[in-house]
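Student: The structure file protein14.tsv (TSV, C-alpha atoms and all ligand atoms) is provided below.
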chain	number	residue	atom	x	y	z
A	116	MET	CA	-100.98	-43.42	-66.66
A	117	LEU	CA	-98.43	-46.10	-65.80
A	118	ILE	CA	-99.00	-48.24	-62.71
A	119	ILE	CA	-95.96	-49.93	-61.15
A	120	GLY	CA	-96.51	-52.59	-58.50
A	121	ILE	CA	-93.67	-53.46	-56.11
A	122	ALA	CA	-94.10	-56.66	-54.07
A	123	GLY	CA	-91.76	-58.66	-51.82
A	124	GLY	CA	-91.53	-60.08	-48.33
A	125	THR	CA	-91.52	-58.03	-45.18
A	126	GLY	CA	-88.22	-56.19	-44.75
A	127	SER	CA	-87.20	-56.89	-48.35
A	128	GLY	CA	-86.92	-53.17	-49.09
A	129	LYS	CA	-90.16	-52.50	-51.04
A	130	SER	CA	-90.85	-49.15	-49.39
A	131	THR	CA	-87.19	-48.12	-49.72
A	132	VAL	CA	-87.07	-49.03	-53.44
A	133	ALA	CA	-90.33	-47.15	-54.07
A	134	ARG	CA	-88.96	-44.05	-52.27
A	135	SER	CA	-85.67	-44.19	-54.23
A	136	VAL	CA	-87.44	-44.41	-57.60
A	137	ILE	CA	-89.72	-41.51	-56.65
A	138	HIS	CA	-86.70	-39.49	-55.53
A	139	ARG	CA	-85.08	-40.02	-58.95
A	140	LEU	CA	-88.20	-39.22	-60.96
A	141	GLY	CA	-89.41	-36.27	-58.90
A	142	SER	CA	-92.30	-36.58	-56.47
A	143	ASP	CA	-94.53	-34.28	-58.56
A	144	LYS	CA	-94.74	-36.88	-61.34
A	145	VAL	CA	-95.51	-39.87	-59.14
A	146	THR	CA	-98.36	-40.79	-56.84
A	147	PHE	CA	-97.30	-43.24	-54.13
A	148	ILE	CA	-99.66	-45.82	-52.66
A	149	SER	CA	-98.74	-48.20	-49.85
A	150	GLN	CA	-100.90	-51.32	-49.59
A	151	ASP	CA	-100.27	-51.08	-45.82
A	152	ASN	CA	-102.76	-48.21	-45.68
A	153	TYR	CA	-105.43	-50.62	-46.90
A	154	TYR	CA	-105.17	-52.99	-43.92
A	155	LYS	CA	-108.74	-53.75	-42.81
A	156	ASP	CA	-109.79	-51.69	-39.83
A	157	HIS	CA	-110.04	-53.60	-36.54
A	158	SER	CA	-110.59	-50.69	-34.18
A	159	TYR	CA	-113.81	-52.34	-32.90
A	160	LEU	CA	-111.71	-55.16	-31.34
A	161	SER	CA	-109.82	-55.06	-28.04
A	162	MET	CA	-106.05	-54.51	-28.20
A	163	SER	CA	-105.29	-58.16	-27.35
A	164	GLU	CA	-107.69	-59.34	-30.07
A	165	ARG	CA	-106.02	-57.00	-32.58
A	166	GLU	CA	-102.60	-58.33	-31.63
A	167	ALA	CA	-103.74	-61.88	-32.45
A	168	ILE	CA	-104.75	-61.10	-36.07
A	169	ASN	CA	-102.89	-62.63	-39.00
A	170	TYR	CA	-101.62	-59.51	-40.79
A	171	ASP	CA	-99.78	-61.45	-43.44
A	172	HIS	CA	-102.70	-63.27	-45.07
A	173	PRO	CA	-104.02	-61.66	-48.28
A	174	PHE	CA	-107.44	-61.31	-46.61
A	175	ALA	CA	-105.96	-58.86	-44.07
A	176	PHE	CA	-106.13	-56.19	-46.78
A	177	ASP	CA	-109.12	-54.36	-48.20
A	178	ASN	CA	-108.01	-54.88	-51.79
A	179	GLU	CA	-111.48	-54.06	-53.11
A	180	LEU	CA	-111.12	-50.52	-51.82
A	181	LEU	CA	-107.60	-50.33	-53.20
A	182	ILE	CA	-108.73	-51.45	-56.69
A	183	GLN	CA	-111.64	-48.98	-56.52
A	184	HIS	CA	-109.11	-46.20	-55.85
A	185	LEU	CA	-106.85	-47.31	-58.73
A	186	LEU	CA	-109.86	-47.24	-61.07
A	187	LEU	CA	-110.77	-43.72	-59.88
A	188	LEU	CA	-107.20	-42.56	-60.57
A	189	LYS	CA	-107.28	-44.15	-64.02
A	190	GLU	CA	-110.45	-42.15	-64.73
A	191	GLY	CA	-108.55	-38.99	-63.76
A	192	GLN	CA	-110.28	-38.57	-60.40
A	193	PRO	CA	-108.62	-38.24	-56.98
A	194	ALA	CA	-109.13	-40.82	-54.21
A	195	HIS	CA	-108.84	-40.67	-50.44
A	196	ALA	CA	-106.73	-43.48	-49.01
A	197	PRO	CA	-107.04	-44.43	-45.36
A	198	VAL	CA	-103.98	-44.10	-43.10
A	199	TYR	CA	-102.93	-47.11	-41.03
A	200	ASP	CA	-101.35	-46.87	-37.59
A	201	PHE	CA	-99.21	-49.96	-36.88
A	202	THR	CA	-98.75	-49.04	-33.22
A	203	VAL	CA	-102.46	-49.57	-32.49
A	204	HIS	CA	-103.27	-51.96	-35.37
A	205	ALA	CA	-106.04	-49.70	-36.67
A	206	ARG	CA	-106.93	-47.07	-39.23
A	207	SER	CA	-106.54	-43.47	-38.21
A	208	THR	CA	-109.91	-41.92	-37.48
A	209	VAL	CA	-108.70	-38.42	-38.37
A	210	GLU	CA	-106.20	-38.78	-41.19
A	211	SER	CA	-106.51	-39.75	-44.85
A	212	VAL	CA	-104.18	-39.25	-47.81
A	213	GLU	CA	-105.32	-37.62	-51.00
A	214	LEU	CA	-104.19	-39.64	-54.00
A	215	LYS	CA	-103.95	-37.51	-57.12
A	216	PRO	CA	-104.18	-38.84	-60.68
A	217	ASN	CA	-100.67	-38.66	-62.11
A	218	HIS	CA	-98.36	-39.86	-64.91
A	219	ILE	CA	-96.96	-42.62	-62.70
A	220	ILE	CA	-98.55	-44.54	-59.81
A	221	ILE	CA	-96.26	-46.62	-57.59
A	222	LEU	CA	-98.08	-49.19	-55.46
A	223	GLU	CA	-96.00	-51.19	-52.99
A	224	GLY	CA	-97.01	-53.95	-50.62
A	225	LEU	CA	-96.75	-57.59	-49.57
A	226	HIS	CA	-99.60	-58.82	-51.72
A	227	VAL	CA	-99.65	-56.60	-54.79
A	228	LEU	CA	-98.61	-59.55	-56.99
A	229	SER	CA	-100.40	-62.38	-55.15
A	230	ASP	CA	-103.88	-60.94	-55.74
A	231	GLU	CA	-104.96	-61.65	-59.32
A	232	LYS	CA	-107.42	-58.74	-59.59
A	233	LEU	CA	-104.84	-56.30	-58.30
A	234	ARG	CA	-102.18	-57.74	-60.57
A	235	GLU	CA	-104.40	-57.07	-63.59
A	236	GLN	CA	-104.22	-53.35	-62.79
A	237	LEU	CA	-100.42	-53.22	-63.02
A	238	ASP	CA	-98.34	-52.23	-66.06
A	239	ILE	CA	-94.93	-53.06	-64.56
A	240	LYS	CA	-94.62	-55.79	-61.92
A	241	VAL	CA	-91.58	-55.77	-59.63
A	242	PHE	CA	-90.54	-58.20	-56.89
A	243	VAL	CA	-87.93	-57.19	-54.34
A	244	ASP	CA	-86.09	-60.39	-53.45
A	245	THR	CA	-84.11	-60.47	-50.22
A	246	ASP	CA	-83.03	-63.47	-48.15
A	247	PRO	CA	-85.28	-64.29	-45.15
A	248	ASP	CA	-82.47	-63.92	-42.58
A	249	VAL	CA	-81.70	-60.41	-43.82
A	250	ARG	CA	-85.41	-59.51	-43.88
A	251	ILE	CA	-86.06	-60.60	-40.31
A	252	LEU	CA	-82.97	-58.72	-39.06
A	253	ARG	CA	-84.19	-55.55	-40.78
A	254	ARG	CA	-87.69	-56.10	-39.46
A	255	VAL	CA	-86.53	-56.49	-35.85
A	256	LEU	CA	-84.81	-53.10	-35.92
A	257	ARG	CA	-87.61	-51.35	-37.81
A	258	ASP	CA	-90.51	-52.78	-35.78
A	259	ILE	CA	-88.87	-51.88	-32.48
A	260	GLU	CA	-87.90	-48.38	-33.64
A	261	GLU	CA	-90.97	-47.46	-35.69
A	262	ARG	CA	-93.85	-49.83	-35.06
A	263	GLY	CA	-93.92	-50.12	-31.28
A	264	ARG	CA	-93.19	-53.88	-31.10
A	265	THR	CA	-91.08	-55.85	-28.61
A	266	ILE	CA	-88.54	-58.48	-29.63
A	267	GLN	CA	-90.78	-61.13	-28.03
A	268	SER	CA	-93.80	-60.11	-30.12
A	269	ILE	CA	-91.70	-59.97	-33.32
A	270	HIS	CA	-90.34	-63.46	-32.60
A	271	GLN	CA	-93.76	-64.95	-31.89
A	272	GLN	CA	-95.47	-63.25	-34.87
A	273	TYR	CA	-92.71	-64.17	-37.32
A	274	LEU	CA	-93.02	-67.90	-36.64
A	275	ALA	CA	-96.83	-67.94	-36.28
A	276	THR	CA	-97.87	-65.94	-39.35
A	277	VAL	CA	-95.18	-63.92	-41.14
A	278	LYS	CA	-93.03	-66.85	-42.29
A	279	PRO	CA	-95.83	-69.32	-43.22
A	280	MET	CA	-97.79	-66.64	-45.14
A	281	HIS	CA	-94.64	-65.56	-46.94
A	282	GLU	CA	-94.01	-69.13	-48.06
A	283	ALA	CA	-97.64	-69.76	-49.04
A	284	PHE	CA	-98.48	-66.52	-50.85
A	285	ILE	CA	-95.67	-64.01	-51.28
A	286	GLU	CA	-92.73	-66.09	-52.49
A	287	PRO	CA	-94.92	-67.88	-55.13
A	288	SER	CA	-96.05	-64.46	-56.45
A	289	LYS	CA	-92.47	-63.77	-57.62
A	290	LYS	CA	-93.21	-65.69	-60.83
A	291	TYR	CA	-95.51	-62.87	-61.96
A	292	ALA	CA	-92.75	-60.23	-61.81
A	293	ASP	CA	-91.35	-58.51	-64.91
A	294	LEU	CA	-88.35	-57.36	-62.91
A	295	ILE	CA	-86.76	-58.89	-59.79
A	296	ILE	CA	-84.60	-56.58	-57.67
A	297	PRO	CA	-82.37	-58.50	-55.25
A	298	GLU	CA	-81.55	-56.95	-51.84
A	299	GLY	CA	-83.84	-53.94	-52.21
A	300	GLY	CA	-82.85	-50.54	-50.92
A	301	GLU	CA	-79.23	-50.39	-52.00
A	302	ASN	CA	-79.43	-52.17	-55.34
A	303	GLU	CA	-78.50	-49.10	-57.37
A	304	VAL	CA	-78.57	-50.92	-60.72
A	305	GLY	CA	-82.03	-52.43	-60.14
A	306	ILE	CA	-83.47	-49.12	-58.93
A	307	GLN	CA	-81.84	-47.27	-61.82
A	308	LEU	CA	-83.28	-49.76	-64.35
A	309	LEU	CA	-86.78	-49.19	-63.01
A	310	ALA	CA	-86.30	-45.43	-62.97
A	311	VAL	CA	-84.94	-45.34	-66.55
A	312	LEU	CA	-87.83	-47.48	-67.84
A	313	THR	CA	-90.28	-45.16	-66.14
A	314	GLU	CA	-88.53	-42.06	-67.50
A	315	LYS	CA	-88.88	-43.49	-71.02
A	316	TYR	CA	-92.60	-43.63	-70.42
A	317	LEU	CA	-92.62	-40.02	-69.17
A	318	THR	CA	-90.91	-38.84	-72.32
A	319	GLY	CA	-93.63	-40.49	-74.42
A	320	ASP	CA	-91.74	-43.66	-75.38
A	321	ARG	CA	-94.23	-46.53	-74.92
A	322	THR	CA	-92.46	-49.03	-77.20
A	323	TRP	CA	-91.44	-51.63	-74.63
A	324	GLY	CA	-95.03	-52.84	-74.15
A	325	GLU	CA	-95.56	-53.55	-77.85
A	326	ALA	CA	-95.18	-56.98	-79.41
B	401	LIG	P1	-90.40	-53.40	-46.67
B	401	LIG	O1	-91.23	-52.21	-47.03
B	401	LIG	O2	-90.20	-54.37	-47.80
B	401	LIG	O3	-90.88	-54.11	-45.44
B	401	LIG	P2	-88.39	-51.44	-45.96
B	401	LIG	O4	-88.10	-50.70	-47.22
B	401	LIG	O5	-89.24	-50.80	-44.92
B	401	LIG	O6	-88.94	-52.91	-46.33
B	401	LIG	O7	-86.99	-51.87	-45.33
B	401	LIG	C1	-86.96	-52.49	-44.05
B	401	LIG	C2	-85.84	-51.87	-43.24
B	401	LIG	O8	-84.60	-52.21	-43.84
B	401	LIG	C3	-85.91	-50.34	-43.21
B	401	LIG	O9	-85.52	-49.92	-41.92
B	401	LIG	C4	-84.90	-49.91	-44.27
B	401	LIG	O10	-84.31	-48.68	-43.97
B	401	LIG	C5	-83.88	-51.04	-44.23
B	401	LIG	N1	-83.32	-51.34	-45.57
B	401	LIG	C6	-83.99	-51.42	-46.76
B	401	LIG	N2	-83.17	-51.75	-47.76
B	401	LIG	C7	-81.93	-51.90	-47.19
B	401	LIG	C8	-80.63	-52.26	-47.69
B	401	LIG	N3	-80.43	-52.56	-48.98
B	401	LIG	N4	-79.62	-52.31	-46.81
B	401	LIG	C9	-79.80	-52.05	-45.51
B	401	LIG	N5	-81.00	-51.71	-44.95
B	401	LIG	C10	-82.04	-51.63	-45.78
B	402	LIG	O1	-93.57	-52.92	-44.68
B	402	LIG	P1	-93.94	-54.36	-44.52
B	402	LIG	O2	-94.17	-55.08	-45.82
B	402	LIG	O3	-93.01	-55.12	-43.63
B	402	LIG	O4	-95.38	-54.32	-43.79
B	402	LIG	C1	-96.17	-55.49	-43.70
B	402	LIG	C2	-95.94	-56.22	-42.37
B	402	LIG	O5	-96.56	-55.47	-41.32
B	402	LIG	C3	-96.59	-57.61	-42.35
B	402	LIG	O6	-95.59	-58.61	-42.43
B	402	LIG	C4	-97.34	-57.67	-41.01
B	402	LIG	O7	-96.98	-58.75	-40.21
B	402	LIG	C5	-96.95	-56.37	-40.31
B	402	LIG	N1	-98.05	-55.79	-39.53
B	402	LIG	C6	-97.96	-55.78	-38.14
B	402	LIG	N2	-98.97	-55.24	-37.40
B	402	LIG	C7	-100.07	-54.72	-38.00
B	402	LIG	C8	-100.18	-54.72	-39.42
B	402	LIG	C9	-99.14	-55.28	-40.15
B	402	LIG	O8	-96.97	-56.25	-37.59
B	402	LIG	N3	-101.03	-54.19	-37.26
B	403	MG	MG	-92.95	-51.33	-46.16
What does this structure look like when you write it as structure tokens?
Ligand code: ADP
Ligand code: C5P
Ligand code: MG

Tutor:
Amino acid sequence: MLIIGIAGGTGSGKSTVARSVIHRLGSDKVTFISQDNYYKDHSYLSMSEREAINYDHPFAFDNELLIQHLLLLKEGQPAHAPVYDFTVHARSTVESVELKPNHIIILEGLHVLSDEKLREQLDIKVFVDTDPDVRILRRVLRDIEERGRTIQSIHQQYLATVKPMHEAFIEPSKKYADLIIPEGGENEVGIQLLAVLTEKYLTGDRTWGEA
């Protein structure tokens, strides 16, 4: 089993890169895990209390559960990932996703390279590197269209937590990457490189990891 971790700032294109690689390889050969689904559950708090949480600090994620699931997959056992609903800042009470052991696991999320224990689980470490002005523009459109946010809340949250946490934790984690993909979603060469490397693994060629 090969585990690929894709990190990068919000709006960098992590999810898009992961989807493109999976599309090229064939979804039957890859199990996809989003770190977003491992946001800690805050359904016991009121809506205004949930809105005030720092969702960009590494502690916002239940990485222990995520690592437990990666270890299960490595042992050849399935795991049941929670499903996160951004519109209510809570885990779904009814849904979960079955993660199947597979040849390739792609894990994408803000903090997959900043957490040392998580990093140790990864065979290929990728950082999607996109300028902050482009990321915030993408985020504005996406969060209004898909995540139920207003422009005022995006503005306030970006300055209060998103930007400072990015500078403190996410940007410094770039140094751990094996491969840096600038611009994300439409970097055909970067995506192709990752897909070709992964295909080599699927065909039984494991030489790149040897000294
Ligand atoms: P992340 O998961 O890193 O936050 P996404 O992959 O969700 O980023 O991308 C954020 C938004 O930007 C999405 O709406 C996506 O469709 C768009 N996007 C991603 N990559 C590109 C790109 N290279 N050019 C234009 N839009 C992009
Ligand atoms: O896909 P992306 O990496 O952008 O998802 C992580 C982002 O989701 C974080 O920057 C965080 O601010 C945001 N988030 C949010 N509301 C939540 C949980 C996460 O805005 N309830
Ligand atoms: Mg994403």

Student: Can you write out as CSV which residues of chain A fall within 10 Å of ligand MG 403 (chain B), alongside each residue's closest atom pair and its distance in Å to one decimal, counting all atoms listed in the file and ordering rows by chain and ascending residue number?

Tutor:
residue,atom,partner,partner_atom,distance
A:Ala122,CA,B:MG403,MG,9.6
A:Gly123,CA,B:MG403,MG,9.3
A:Gly124,CA,B:MG403,MG,9.1
A:Thr125,CA,B:MG403,MG,6.9
A:Gly126,CA,B:MG403,MG,6.9
A:Ser127,CA,B:MG403,MG,8.3
A:Gly128,CA,B:MG403,MG,7.0
A:Lys129,CA,B:MG403,MG,5.7
A:Ser130,CA,B:MG403,MG,4.4
A:Thr131,CA,B:MG403,MG,7.5
A:Val132,CA,B:MG403,MG,9.6
A:Ala133,CA,B:MG403,MG,9.3
A:Ser149,CA,B:MG403,MG,7.5
A:Gln150,CA,B:MG403,MG,8.7
A:Asp151,CA,B:MG403,MG,7.3
A:Glu223,CA,B:MG403,MG,7.5
A:Gly224,CA,B:MG403,MG,6.6
A:Leu225,CA,B:MG403,MG,8.1
A:Arg254,CA,B:MG403,MG,9.8
A:Arg257,CA,B:MG403,MG,9.9

Student: Please measure the separation of CA of Leu256 in chain A and CA of Lys278 in chain A, giving the value in Å to one decimal.

Tutor: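 If I compute the distance from CA of Leu256 in chain A to CA of Lys278 in chain A, I get 17.2 Å.
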
Student: For Tyr170 in chain A, which of A:Tyr153, A:Tyr291, A:Tyr316, A:Phe242 is the closest residue, counting only C-alpha atoms?

Tutor: A:Tyr153

Student: Please work out which residues fall within 12 Å of (-82.3, -64.2, -41.3), coordinates as given in the file, with all atoms listed in the file counting, and return them as a list of chain:residue names.

Tutor: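 It turns out the residues near that spot are A:Thr125, A:Gly126, A:Ser127, A:Thr245, A:Asp246, A:Pro247, A:Asp248, A:Val249, A:Arg250, A:Ile251, A:Leu252, A:Arg253, A:Arg254, A:Val255, A:His270, A:Tyr273, A:Lys278.
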
Student: So which one's closest to ligand LIG 402 (chain B), A:Lys215, A:Lys189, A:Lys232, A:Arg262? Using all atoms listed in the file, please.

Tutor: A:Arg262

Student: Do you know which residues lie at most 12 Å from (-106.3, -59.3, -37.0), with coordinates as in the file and all atoms listed in the file counted, and could you write them as a PyMOL selection string?

Tutor: chain A and resi 154-176+201+203-205+272+276
